[in-house]
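Student: Here it is, the structure, as structure tokens.
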Amino acid sequence: MRRFANRAGRRNAHRRLREMTRLGLIVNPIAGLGGRVGLKGTDGADTVREALSRGATPVAPERAARALARLAASVEDLEVLTPAAQMGADVVRAHGLRLEPLDVGVARETTAEDTRAAAAELERRGVDLILFAGGDGTARDVVATVGTRVPVLGIPTGVKMHSGVFATSPEAAGDLAASHLAGRSADLRAVEVLDLDEPDGRLSPHLYAIANVPYDRRRLQHPKAASRPADDALEALCAEVARELRGLAIFGPGTTTQRVLAKLGVEGSLLGVDAVADGRLVGRDLDEAGLLRVLDGRDARLVLGVVGGQGYVFGRGNQQLSPAVIRAVGLDRIDILASLEKLVALDPMLLRVDTGDPRLDRELSGYRRVRVAPARSVVLELTT
């Protein structure tokens, strides 16, 4: 990431702060809708309808509200410019903040065009920062419109968030936005906007744009790193885990867990969550409801990998593993597998959790053992 020379912009921000701090907010109300019901995203009207037919409920407004609560507690004389109704105005009104609504996003079903129109209008109005709640698709729409001319910051809300524009949690987004608006943040940096080249489902993200983002090493997530071939130690570990498994095991997405399934002779779903009982596949690409049916009071283990470059264990691409599923398995029955190379490459070198339930996130936080080779593990902090 390149550091921007931004002294003139920061002087202008300080000058505006003495009058009124102007925040642009965009909420993509369908972002993350498909996570718990086992969809890999919610791009397109057909996918949204499918998510709703499976019983999905919106998550973006609640996560945007969590970020705004932190922001409102830190910044005085804040004016929020945001689209009407579900694209931002509803959340802003609920917090009693000064609101200037934009005449976009008024339709019952919002689209990517609404996001781009809102971003263009926010740039025209001269906001100090565009804070948006969404996933990689939303980030692409916002940055394709404003480029690096306006600083942006993402509240992580999507099913997958590979880009470097997102804070590590809604609360971190609120804190980082407040620091930027108050002139306390570090220089802006150029970061990558990434997305999977779907529908082929490749795990290697594709670079789409560069965004200008307030930078904080602990509160801004890194872009997802591409998957690499397994080394001998990881291959041996996956074989060891396969030999150990008895009874019911739930496997999260990713190449590491797929290697364990391959050792069992089971074909899983690379981007999905699978269930195996005594070496036999009993559920493939399961959603939250399917996982709860498979568990149904049974003892089980949860086998997870680590998102490369980001360190996430929960909350990025595996929202099927909902708080209800995690509690049904048990917080002490989680096996985390990763290559030592992947862990050493994390900066900072720690693991992250963002389940959508702040209380559960706190319960999961602490120090966790990560298995890196047969009979070998390292202990890392797990945090939000």
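Each chain in the structure tokens gets a letter, A, B, ..., in the order shown, and its residues are numbered from 1; ligands are numbered from 1 in order too.
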Run DSSP on the backbone and give me the residues of range 171-296 of chain A it puts in strand (DSSP E), as a list in words.
Tutor: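 Assigned to strand (DSSP E), within range 171-296 of chain A: Leu188, Arg189, Ala190, Val191, Glu192, Val193, Leu194, Asp195, His206, Leu207, Tyr208, Ala209, Ile210, Ala211, Asn212, Val213, Pro214, Leu248, Ala249, Ile250, Phe251, Asp274, Ala275, Val276, Ala277, Arg280, Leu281, Val282 and Gly283 of chain A.
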Student: For Pro29 in chain A, list every protein, DNA or RNA residue within 9 Å, evaluated using only C-alpha atoms, and leave out those in the same chain fewer than 4 positions away; present the list as a PDB file with N, CA and C atoms, in the first residue's frame.
Tutor:
ATOM      1  N   LEU A  33     -27.066 -10.540   3.003  1.00  0.00           N
ATOM      2  CA  LEU A  33     -28.356 -11.204   3.160  1.00  0.00           C
ATOM      3  C   LEU A  33     -28.249 -12.720   2.993  1.00  0.00           C
ATOM      4  N   PRO A  58     -32.278  -9.148   6.736  1.00  0.00           N
ATOM      5  CA  PRO A  58     -31.217  -8.162   6.522  1.00  0.00           C
ATOM      6  C   PRO A  58     -30.289  -8.049   7.731  1.00  0.00           C
ATOM      7  N   VAL A  59     -29.009  -7.853   7.456  1.00  0.00           N
ATOM      8  CA  VAL A  59     -28.021  -7.659   8.520  1.00  0.00           C
ATOM      9  C   VAL A  59     -27.345  -6.294   8.429  1.00  0.00           C
ATOM     10  N   ALA A  60     -27.393  -5.674   7.243  1.00  0.00           N
ATOM     11  CA  ALA A  60     -26.663  -4.419   7.041  1.00  0.00           C
ATOM     12  C   ALA A  60     -27.138  -3.290   7.946  1.00  0.00           C
ATOM     13  N   PRO A  61     -28.453  -3.059   8.120  1.00  0.00           N
ATOM     14  CA  PRO A  61     -28.871  -1.939   8.977  1.00  0.00           C
ATOM     15  C   PRO A  61     -28.370  -2.063  10.410  1.00  0.00           C
ATOM     16  N   GLN A  86     -34.071   2.934   3.636  1.00  0.00           N
ATOM     17  CA  GLN A  86     -33.247   1.797   4.033  1.00  0.00           C
ATOM     18  C   GLN A  86     -31.786   1.927   3.622  1.00  0.00           C
ATOM     19  N   MET A  87     -31.467   2.866   2.740  1.00  0.00           N
ATOM     20  CA  MET A  87     -30.077   3.036   2.329  1.00  0.00           C
ATOM     21  C   MET A  87     -29.294   3.960   3.257  1.00  0.00           C
ATOM     22  N   GLY A  88     -29.890   4.334   4.393  1.00  0.00           N
ATOM     23  CA  GLY A  88     -29.139   5.113   5.367  1.00  0.00           C
ATOM     24  C   GLY A  88     -29.957   5.993   6.272  1.00  0.00           C
ATOM     25  N   THR A 110     -33.452  -1.820  -3.909  1.00  0.00           N
ATOM     26  CA  THR A 110     -32.329  -0.976  -4.319  1.00  0.00           C
ATOM     27  C   THR A 110     -31.392  -1.760  -5.232  1.00  0.00           C
ATOM     28  N   ALA A 133     -21.847   0.563   4.251  1.00  0.00           N
ATOM     29  CA  ALA A 133     -22.086  -0.772   4.813  1.00  0.00           C
ATOM     30  C   ALA A 133     -22.388  -1.708   3.659  1.00  0.00           C
ATOM     31  N   GLY A 134     -21.498  -2.665   3.441  1.00  0.00           N
ATOM     32  CA  GLY A 134     -21.688  -3.579   2.326  1.00  0.00           C
ATOM     33  C   GLY A 134     -20.555  -4.579   2.262  1.00  0.00           C
TER      34      GLY A 134
END
Student: Under the rule that only C-alpha atoms are counted, which of A:Ala178, A:Leu270, A:Ile326, A:Val48 is the nearest residue to Leu364 in chain A?
Tutor: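 Smallest separation from Leu364 in chain A among the options: A:Ile326.
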Student: Which is closest to Thr384 in chain A among A:Ala182, A:Leu245, A:Ala172, A:Gly317, if we use only C-alpha atoms?
Tutor: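 The answer is A:Ala172, which sits nearest to Thr384 in chain A.
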Student: Looking only at alpha helix (DSSP H) from DSSP on the backbone, list the matching residues of range 97-310 of chain A as a PyMOL selection string.
Tutor: chain A and resi 112-124+136-146+170-181+232-244+255-263+288-295
Student: In Å, rounded to a single decimal, give me how far CA of Pro83 in chain A is from CA of Leu131 in chain A.
Tutor: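 Result for CA of Leu131 in chain A versus CA of Pro83 in chain A: 12.2 Å, one decimal.
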Student: Identify, on the basis of only C-alpha atoms, every residue whose closest approach to Pro348 in chain A does not exceed 10 Å; exclude the query and any residue fewer than 5 positions from it along the same chain; express the result as a ChimeraX atom specification.
Tutor: /A:217-218,221-222,309-311,343
Student: I need the residue nearest Val379 in chain A from this list: A:Ala236, A:Val344, A:Leu302, A:Leu295. Use only C-alpha atoms for the distance.
Tutor: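 Going through A:Ala236, A:Val344, A:Leu302, A:Leu295 one by one, the smallest distance to Val379 in chain A is for A:Val344.
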